[in-house]
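K.L.:
mmCIF, C-alpha atoms, saved as query-v6.cif, coming up:
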data_coords
loop_
_atom_site.label_atom_id
_atom_site.label_comp_id
_atom_site.auth_asym_id
_atom_site.auth_seq_id
_atom_site.Cartn_x
_atom_site.Cartn_y
_atom_site.Cartn_z
CA MET A 1 39.98 72.91 100.07
CA ILE A 2 40.08 76.49 101.37
CA GLU A 3 43.89 76.47 101.30
CA TYR A 4 43.76 75.13 97.72
CA LEU A 5 41.47 77.95 96.56
CA GLN A 6 43.64 80.56 98.30
CA ASN A 7 46.62 79.42 96.20
CA ILE A 8 44.76 79.65 92.87
CA GLU A 9 45.77 82.48 90.50
CA PHE A 10 44.30 83.27 87.08
CA VAL A 11 46.51 83.92 84.03
CA SER A 12 43.67 85.52 82.03
CA PRO A 13 41.29 86.90 84.67
CA TYR A 14 39.40 89.08 82.15
CA PHE A 15 37.64 85.93 80.89
CA LEU A 16 35.85 85.82 84.26
CA LEU A 17 33.61 88.63 82.96
CA LEU A 18 31.94 86.03 80.72
CA GLY A 19 30.43 84.55 83.87
CA VAL A 20 27.83 87.32 83.75
CA VAL A 21 26.22 85.64 80.69
CA PRO A 22 25.18 82.29 82.29
CA ILE A 23 24.15 84.07 85.49
CA ALA A 24 21.91 86.47 83.53
CA TRP A 25 20.46 83.50 81.58
CA TYR A 26 19.70 81.63 84.83
CA ILE A 27 17.94 84.65 86.34
CA TRP A 28 15.91 85.05 83.12
CA ARG A 29 14.86 81.38 83.30
CA LEU A 30 13.72 81.77 86.91
CA VAL A 31 11.69 84.88 86.10
CA SER A 32 10.19 83.29 82.97
CA LYS A 33 9.09 80.19 84.88
CA LYS A 34 7.54 82.29 87.62
CA ASN A 35 5.60 84.42 85.11
CA SER A 36 4.38 81.34 83.22
CA ASP A 37 2.84 79.75 86.33
CA THR A 38 -0.94 79.42 86.02
CA SER A 39 -3.61 78.90 88.67
CA PHE A 40 -6.94 77.17 88.58
CA THR A 41 -9.70 76.22 91.00
CA ILE A 42 -10.54 72.64 91.91
CA SER A 43 -13.08 71.17 94.29
CA THR A 44 -10.62 69.05 96.27
CA SER A 45 -6.83 68.78 96.67
CA GLU A 46 -6.73 65.10 97.52
CA ALA A 47 -5.13 64.21 94.22
CA PHE A 48 -2.15 66.49 94.94
CA GLU A 49 -1.52 65.51 98.55
CA GLY A 50 1.32 63.21 97.55
CA GLY A 51 3.44 66.26 96.70
CA GLY A 52 3.94 65.37 93.02
CA SER A 53 6.27 62.94 91.31
CA LEU A 54 10.06 62.93 91.62
CA ARG A 55 10.28 64.24 88.04
CA THR A 56 8.11 67.21 88.98
CA LYS A 57 10.20 67.98 92.07
CA LEU A 58 13.46 68.02 90.08
CA THR A 59 12.45 70.28 87.20
CA TRP A 60 14.71 73.01 88.62
CA LEU A 61 17.84 70.84 88.56
CA PRO A 62 18.81 70.93 84.83
CA ASP A 63 18.94 74.74 84.72
CA LEU A 64 21.16 74.81 87.82
CA LEU A 65 23.46 72.15 86.36
CA ARG A 66 23.74 74.15 83.12
CA LEU A 67 24.59 77.31 85.10
CA LEU A 68 27.30 75.57 87.12
CA GLY A 69 28.68 73.82 84.06
CA LEU A 70 28.99 77.07 82.10
CA LEU A 71 30.59 78.84 85.09
CA PHE A 72 33.24 76.10 85.35
CA LEU A 73 33.93 76.47 81.61
CA VAL A 74 34.40 80.22 82.14
CA LEU A 75 36.83 79.49 84.99
CA SER A 76 38.82 77.15 82.75
CA LEU A 77 39.08 79.89 80.09
CA ALA A 78 40.63 82.19 82.72
CA ARG A 79 43.45 79.61 83.07
CA PRO A 80 43.58 78.89 86.81
CA GLN A 81 47.02 77.98 88.12
CA LEU A 82 48.01 76.57 91.48
CA SER A 83 50.76 78.68 93.03
CA LEU A 84 53.25 76.52 94.95
CA LYS A 85 55.48 78.54 97.25
CA GLU A 86 58.79 77.48 98.71
CA GLU A 87 60.48 79.58 101.38
CA LYS A 88 64.15 79.63 102.20
CA VAL A 89 64.62 81.34 105.56
CA ASN A 90 67.89 82.70 106.86
CA ALA A 91 67.20 83.72 110.45
CA GLU A 92 69.41 84.81 113.29
CA GLY A 93 67.27 83.62 116.18
CA ILE A 94 67.05 84.90 119.73
CA ASP A 95 66.98 82.61 122.75
CA ILE A 96 64.28 83.69 125.20
CA MET A 97 63.39 82.18 128.57
CA LEU A 98 60.09 83.10 130.21
CA ALA A 99 60.23 83.05 134.03
CA ILE A 100 56.72 83.13 135.51
CA ASP A 101 55.70 83.50 139.15
CA LEU A 102 53.38 80.73 140.44
CA SER A 103 52.99 81.99 144.01
CA SER A 104 49.47 81.98 145.46
CA SER A 105 49.17 85.76 145.07
CA MET A 106 49.03 85.20 141.28
CA LEU A 107 45.41 84.16 141.88
CA ALA A 108 44.52 87.73 142.89
CA LYS A 109 41.31 88.94 141.25
CA ASP A 110 42.47 92.41 140.14
CA PHE A 111 42.88 90.80 136.68
CA GLU A 112 39.97 88.91 135.08
CA PRO A 113 39.79 86.03 135.95
CA ASP A 114 43.11 86.30 137.82
CA ARG A 115 46.72 87.43 137.32
CA LEU A 116 48.06 84.01 136.38
CA GLU A 117 45.43 83.23 133.74
CA VAL A 118 45.92 86.58 132.03
CA SER A 119 49.71 86.21 132.21
CA LYS A 120 49.47 82.79 130.56
CA GLN A 121 47.23 84.04 127.75
CA VAL A 122 49.38 87.07 126.96
CA ALA A 123 52.58 85.02 127.08
CA GLU A 124 51.02 82.49 124.70
CA ALA A 125 50.28 85.23 122.17
CA PHE A 126 53.89 86.42 122.49
CA VAL A 127 55.21 82.90 121.84
CA ARG A 128 53.10 82.53 118.70
CA ASN A 129 54.73 85.68 117.25
CA ARG A 130 58.29 84.39 117.75
CA LYS A 131 58.33 82.02 114.81
CA TYR A 132 62.09 81.74 114.34
CA ASP A 133 63.34 81.90 117.94
CA ARG A 134 64.04 79.31 120.60
CA LEU A 135 61.92 79.83 123.70
CA GLY A 136 61.73 78.09 127.05
CA LEU A 137 59.83 78.34 130.33
CA ALA A 138 60.96 78.47 133.95
CA VAL A 139 58.51 78.74 136.86
CA PHE A 140 59.02 79.74 140.46
CA ALA A 141 57.22 80.20 143.77
CA GLY A 142 59.04 79.13 146.94
CA GLU A 143 61.30 77.07 144.66
CA ALA A 144 62.01 77.04 140.94
CA PHE A 145 62.50 74.63 138.07
CA THR A 146 62.56 74.48 134.28
CA GLN A 147 59.10 73.68 132.92
CA CYS A 148 60.24 73.61 129.28
CA PRO A 149 63.82 73.86 127.95
CA LEU A 150 64.61 76.02 124.92
CA THR A 151 62.74 74.81 121.86
CA THR A 152 61.60 75.99 118.44
CA ASP A 153 58.42 73.92 118.77
CA GLN A 154 55.88 76.54 119.75
CA SER A 155 53.09 74.01 120.32
CA ILE A 156 55.02 72.22 123.06
CA LEU A 157 55.80 75.44 124.92
CA ILE A 158 52.19 76.63 124.59
CA ASP A 159 50.97 73.31 126.02
CA PHE A 160 53.20 73.85 129.06
CA LEU A 161 51.98 77.44 129.43
CA GLN A 162 48.35 76.39 129.37
CA THR A 163 48.86 73.84 132.16
CA LEU A 164 50.56 76.22 134.61
CA ALA A 165 48.76 76.29 137.96
CA VAL A 166 49.29 77.69 141.43
CA GLY A 167 49.99 75.02 144.05
CA THR A 168 52.38 72.84 142.07
CA LEU A 169 55.31 74.39 143.97
CA GLU A 170 55.90 75.26 147.61
CA ASP A 171 54.39 78.70 148.14
CA GLY A 172 56.54 81.80 148.38
CA THR A 173 58.28 84.19 145.97
CA ALA A 174 61.84 83.18 145.14
CA ILE A 175 62.63 85.74 142.44
CA GLY A 176 66.35 85.02 142.60
CA MET A 177 65.78 81.30 142.14
CA GLY A 178 63.45 81.87 139.19
CA LEU A 179 65.92 84.16 137.45
CA ALA A 180 68.88 81.86 138.14
CA THR A 181 66.99 78.87 136.74
CA ALA A 182 66.19 80.76 133.54
CA VAL A 183 69.76 82.03 133.16
CA ASN A 184 71.10 78.52 133.66
CA ARG A 185 69.20 77.45 130.54
CA LEU A 186 70.76 80.29 128.53
CA LYS A 187 74.36 80.30 129.75
CA ASP A 188 75.57 77.75 127.17
CA SER A 189 73.58 79.24 124.30
CA GLU A 190 75.58 80.32 121.23
CA SER A 191 72.91 82.83 120.21
CA GLU A 192 74.08 86.43 119.92
CA SER A 193 71.03 87.59 121.88
CA LYS A 194 69.88 85.89 125.10
CA VAL A 195 66.85 87.22 126.96
CA VAL A 196 64.89 86.47 130.13
CA ILE A 197 61.38 87.87 130.62
CA LEU A 198 60.70 87.61 134.35
CA LEU A 199 57.13 88.16 135.52
CA THR A 200 56.21 88.43 139.19
CA ASP A 201 53.63 90.09 141.42
CA GLY A 202 55.41 90.12 144.77
CA VAL A 203 58.45 90.63 146.92
CA ASN A 204 61.35 88.17 147.14
CA ASN A 205 60.90 86.32 150.44
CA THR A 206 62.61 82.95 150.07
CA GLY A 207 65.17 80.98 148.06
CA TYR A 208 68.86 80.26 148.56
CA ILE A 209 69.92 82.50 145.64
CA ASP A 210 69.14 86.17 146.18
CA PRO A 211 67.95 88.26 143.18
CA GLU A 212 71.07 90.46 143.14
CA THR A 213 73.32 87.41 142.79
CA ALA A 214 71.11 86.01 140.05
CA ALA A 215 71.31 89.34 138.21
CA GLU A 216 75.12 89.24 138.44
CA ILE A 217 75.11 85.74 136.94
CA ALA A 218 72.86 86.97 134.13
CA ARG A 219 75.19 89.88 133.42
CA GLU A 220 78.21 87.55 133.40
CA TYR A 221 76.61 85.41 130.68
CA ASP A 222 75.37 88.43 128.67
CA VAL A 223 71.74 87.66 129.41
CA LYS A 224 69.39 90.63 129.14
CA VAL A 225 66.54 90.60 131.68
CA TYR A 226 63.18 92.27 131.15
CA THR A 227 61.22 92.37 134.42
CA ILE A 228 57.45 92.78 134.68
CA GLY A 229 55.58 93.63 137.88
CA VAL A 230 51.97 92.41 137.63
CA GLY A 231 49.28 93.87 139.87
CA SER A 232 46.94 96.84 140.18
CA ALA A 233 47.58 99.82 142.46
CA GLY A 234 46.09 99.80 145.97
CA ASN A 235 44.27 96.73 147.28
CA ALA A 236 43.23 93.52 145.52
CA LEU A 237 41.22 90.41 146.41
CA THR A 238 44.12 88.07 147.18
CA PRO A 239 44.55 84.57 148.71
CA VAL A 240 45.56 85.02 152.36
CA ASN A 241 45.11 81.48 153.66
CA ARG A 242 44.04 77.99 152.66
CA ARG A 243 41.34 75.71 154.07
CA SER A 244 41.95 72.06 154.93
CA ASN A 245 40.25 71.03 151.66
CA GLY A 246 42.75 73.07 149.65
CA GLN A 247 40.46 76.00 148.80
CA TYR A 248 41.98 79.48 149.08
CA ILE A 249 40.52 82.12 151.35
CA PHE A 250 40.43 85.52 149.66
CA ARG A 251 40.56 88.92 151.32
CA ASN A 252 41.43 92.43 150.23
CA ALA A 253 45.15 93.00 150.69
CA LYS A 254 47.64 95.64 149.63
CA VAL A 255 49.41 94.98 146.34
CA GLN A 256 53.12 94.79 147.13
CA ILE A 257 55.68 94.60 144.33
CA ASP A 258 59.37 95.26 144.90
CA GLU A 259 59.71 97.63 141.96
CA ARG A 260 63.10 98.92 143.08
CA LEU A 261 64.53 95.38 142.99
CA LEU A 262 63.01 94.63 139.58
CA GLN A 263 64.40 97.88 138.18
CA GLU A 264 67.88 97.06 139.51
CA ILE A 265 67.78 93.61 137.92
CA SER A 266 66.74 94.92 134.52
CA ASN A 267 69.05 97.97 134.56
CA SER A 268 72.10 95.93 135.53
CA THR A 269 71.57 93.50 132.63
CA GLY A 270 70.65 96.00 129.90
CA GLY A 271 66.94 95.24 130.03
CA ARG A 272 63.95 97.28 131.19
CA TYR A 273 61.40 97.15 134.00
CA TYR A 274 57.65 97.37 133.30
CA ARG A 275 54.58 97.61 135.51
CA ALA A 276 51.32 96.05 134.32
CA LYS A 277 48.25 97.17 136.24
CA ASP A 278 45.76 95.53 133.87
CA ARG A 279 45.57 93.18 130.89
CA ASN A 280 45.91 95.95 128.29
CA GLN A 281 49.14 97.20 129.85
CA LEU A 282 50.53 93.66 130.01
CA GLU A 283 49.74 93.11 126.32
CA ALA A 284 51.42 96.43 125.46
CA ILE A 285 54.52 95.42 127.44
CA TYR A 286 54.92 92.13 125.60
CA ALA A 287 54.34 93.94 122.30
CA GLU A 288 57.13 96.41 123.13
CA ILE A 289 59.53 93.61 124.12
CA ASP A 290 58.61 91.87 120.86
CA ARG A 291 59.62 95.03 118.94
CA LEU A 292 62.83 95.53 120.93
CA GLU A 293 63.99 91.95 120.46
CA LYS A 294 63.38 91.45 116.75
CA THR A 295 64.90 88.52 114.92
CA GLU A 296 66.87 89.31 111.75
CA ILE A 297 65.12 87.34 109.03
CA GLU A 298 65.88 87.04 105.35
CA VAL A 299 63.16 85.16 103.46
CA ASN A 300 63.57 84.14 99.83
CA ILE A 301 60.31 83.00 98.24
CA PHE A 302 60.36 80.78 95.18
CA LYS A 303 57.15 80.21 93.23
CA ARG A 304 56.24 77.56 90.71
CA TYR A 305 52.91 77.18 88.99
CA GLN A 306 50.80 74.20 88.01
CA ASP A 307 48.00 74.56 85.43
CA GLU A 308 44.64 73.51 86.84
CA PHE A 309 42.32 74.61 83.98
CA ARG A 310 41.77 71.02 82.77
CA TYR A 311 40.10 70.08 86.07
CA PHE A 312 37.67 73.01 85.80
CA LEU A 313 37.05 72.11 82.13
CA LEU A 314 36.29 68.46 82.96
CA ILE A 315 33.96 69.43 85.81
CA GLY A 316 32.12 71.90 83.58
CA LEU A 317 31.70 69.37 80.75
CA GLY A 318 30.63 66.72 83.25
CA LEU A 319 27.91 68.97 84.67
CA LEU A 320 26.63 69.83 81.18
CA LEU A 321 26.60 66.14 80.19
CA PHE A 322 24.71 65.27 83.37
CA GLU A 323 22.18 68.00 82.59
CA LEU A 324 21.66 66.65 79.06
CA LEU A 325 21.15 63.10 80.34
CA LEU A 326 18.55 64.28 82.86
CA ARG A 327 16.62 66.21 80.22
CA LYS A 328 16.63 63.37 77.68
CA THR A 329 16.03 60.47 80.07
CA VAL A 330 14.74 60.87 83.63
CA LEU A 331 13.06 64.26 83.29
CA ASN A 332 12.40 64.17 79.55
CA ILE A 333 11.97 67.95 79.48
CA LEU A 334 12.76 69.98 76.42
CA SER A 335 15.43 72.63 77.05
#
Translate the structure described by the file into structure tokens.

P.N.:
Amino acid sequence: MIEYLQNIEFVSPYFLLLGVVPIAWYIWRLVSKKNSDTSFTISTSEAFEGGGSLRTKLTWLPDLLRLLGLLFLVLSLARPQLSLKEEKVNAEGIDIMLAIDLSSSMLAKDFEPDRLEVSKQVAEAFVRNRKYDRLGLAVFAGEAFTQCPLTTDQSILIDFLQTLAVGTLEDGTAIGMGLATAVNRLKDSESESKVVILLTDGVNNTGYIDPETAAEIAREYDVKVYTIGVGSAGNALTPVNRRSNGQYIFRNAKVQIDERLLQEISNSTGGRYYRAKDRNQLEAIYAEIDRLEKTEIEVNIFKRYQDEFRYFLLIGLGLLLFELLLRKTVLNILS
């Protein structure tokens, strides 16, 4: 219903000014009835304890029906039309793979509630803005795999993002493996622009593909890599061990991000390195990447209109007829 009303346009909107007349009449009726009320004193109220008859309770209804009926007639005079839009989109999409770190350090509390949750939320907002692109998701910790291949279905990718959790992979930080996995999904793409956004909060410490080799592979396939280091400066409350029941033990530990490595990866592939020390900075980084990697879109909008005045006219006449029937039958009140 809301979407229907949003698409209504009026051919003769100046007729809407006539709506002031029935509104003024209705206000006058309310004031007149209030001023005509009389009071008297009686010895007991027992006779009125029933609250009055149904006819007495509904004396206000005919005036309201007349007001609504007249307003609908005014709307019909303004000639409402339903605007039906058709879009023809010519878009040169960009293929983008998100590579997100799922190592245990992503549970660090220097972001609220933690680094991973904030990273997921900001990435989700980024995905929603890329309406005409194909996006995918790779995840890594001590190993890496493709969580979601390239797709234009934003809802599927967002579902995968929302379910990301630490502990689904062997712990560690295999940056090279994460990047290689993402590049592997892009290497056969025919898109003119192929991008990886790699987000991590640590130092490469495992994996059988080192980050430098993965960067070379990306460069060979013309894949641009934007790297993001996530973590505040100094110390942060970080998981340092795990109990037998699976719960993490948190202690203050130094935030260590291999910024030199991340800069080399991005520079060698034509991308850029960013450091996010809080949520606001991370949102600004994704916003900048969104601006740098804009899709060329040509949208042709075609409109056609459908007259809707007859529906407003019929509703208005129906309300006025209902009012007349109430006055002459059930209520039997002179107008």

K.L.:
To test your reading of the syntax: which residues would the PyMOL selection byres ((chain A and resi 311-323) around 10) return for the file shown? Reply as an NGL selection string.

P.N.:
:A and (61-77 or 79-80 or 307-310 or 324-328 or 331 or 335)

K.L.:
Using all atoms listed in the file, which residue out of A:Ala218, A:Leu169, A:Val225, A:Leu107 lies closest to Val183 (chain A)?

P.N.:
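Closest to Val183 (chain A) of all the choices is A:Ala218.
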
K.L.:
From the options A:Glu117, A:Asp153, A:Glu259, A:Asp171, which residue's atoms come nearest to Arg242 (chain A), counting only C-alpha atoms?

P.N.:
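Looking at the shortest contact to Arg242 (chain A), the residue is A:Asp171.
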
K.L.:
Could you please determine the separation between CA of Glu124 (chain A) and CA of Glu220 (chain A) in Å, to one decimal place?

P.N.:
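Spanning CA of Glu124 (chain A) to CA of Glu220 (chain A) is a straight-line distance of 29.0 Å.
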
K.L.:
Identify, on the basis of only C-alpha atoms, every residue whose closest approach to Arg185 (chain A) does not exceed 9 Å; exclude the query and any residue fewer than 3 positions from it along the same chain; express the result as a list in words.

P.N.:
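Neighbouring residues, sequence-local ones excluded: Met97, Gly136, Ala138, Thr146, Pro149, Leu150, Ala180, Thr181, Ala182, Asp188 and Ser189 of chain A.
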
K.L.:
May I ask which of the residues A:Trp60, A:Tyr305, A:Tyr286, A:Phe145 is the closest one to Val127 (chain A), counting all atoms listed in the file?

P.N.:
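Among A:Trp60, A:Tyr305, A:Tyr286, A:Phe145, it is A:Tyr286 that comes nearest to Val127 (chain A).
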
K.L.:
Which residue gives the smallest distance to Thr269 (chain A) among A:Ala253, A:Arg219, A:Glu143, A:Arg134, with only C-alpha atoms counted?

P.N.:
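For Thr269 (chain A), the nearest of the given residues is A:Arg219.
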
K.L.:
List the residues matched by the PyMOL selection byres ((chain A and resi 231-239) around 9) in the displayed structure as a count of residues only, ordered by chain and then by residue number.

P.N.:
31

K.L.:
May I ask which of the residues A:Tyr132, A:Phe126, A:Tyr26, A:Tyr14 is the closest one to Glu296 (chain A), counting all atoms listed in the file?

P.N.:
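Once distances to Glu296 (chain A) are computed over all atoms listed in the file, the minimum belongs to A:Tyr132.
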
K.L.:
Name the closest residue to Asp133 (chain A) among the candidates A:Leu262, A:Ala165, A:Thr295, A:Ser83; distances are taken between atoms, counting all atoms listed in the file.

P.N.:
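Of all the options, A:Thr295 lies closest to Asp133 (chain A).
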
K.L.:
Report the distance between CA of Phe140 (chain A) and CA of Ile175 (chain A) in Å, rounded to one decimal place.

P.N.:
7.3 Å

K.L.:
Residues within 10 Å of Leu261 (chain A), please, as a list of chain:residue names. Count all atoms listed in the file; anything in the same chain fewer than 6 positions from it doesn't count.

P.N.:
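Close residues of Leu261 (chain A): A:Ile175, A:Val203, A:Asn204, A:Pro211, A:Glu212, A:Thr227, A:Asn267, A:Tyr273.
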
K.L.:
Mind pulling up the distance from CA of Asn205 (chain A) to CA of Asp258 (chain A)?

P.N.:
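Separation between CA of Asp258 (chain A) and CA of Asn205 (chain A): 10.6 Å.
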
K.L.:
Just want the 10 Å neighbourhood of Ala287 (chain A), counted on all atoms listed in the file, with same-chain residues fewer than 4 positions away dropped. Output as an NGL selection string.

P.N.:
:A and (122 or 125-126 or 129 or 281-283 or 291-292)
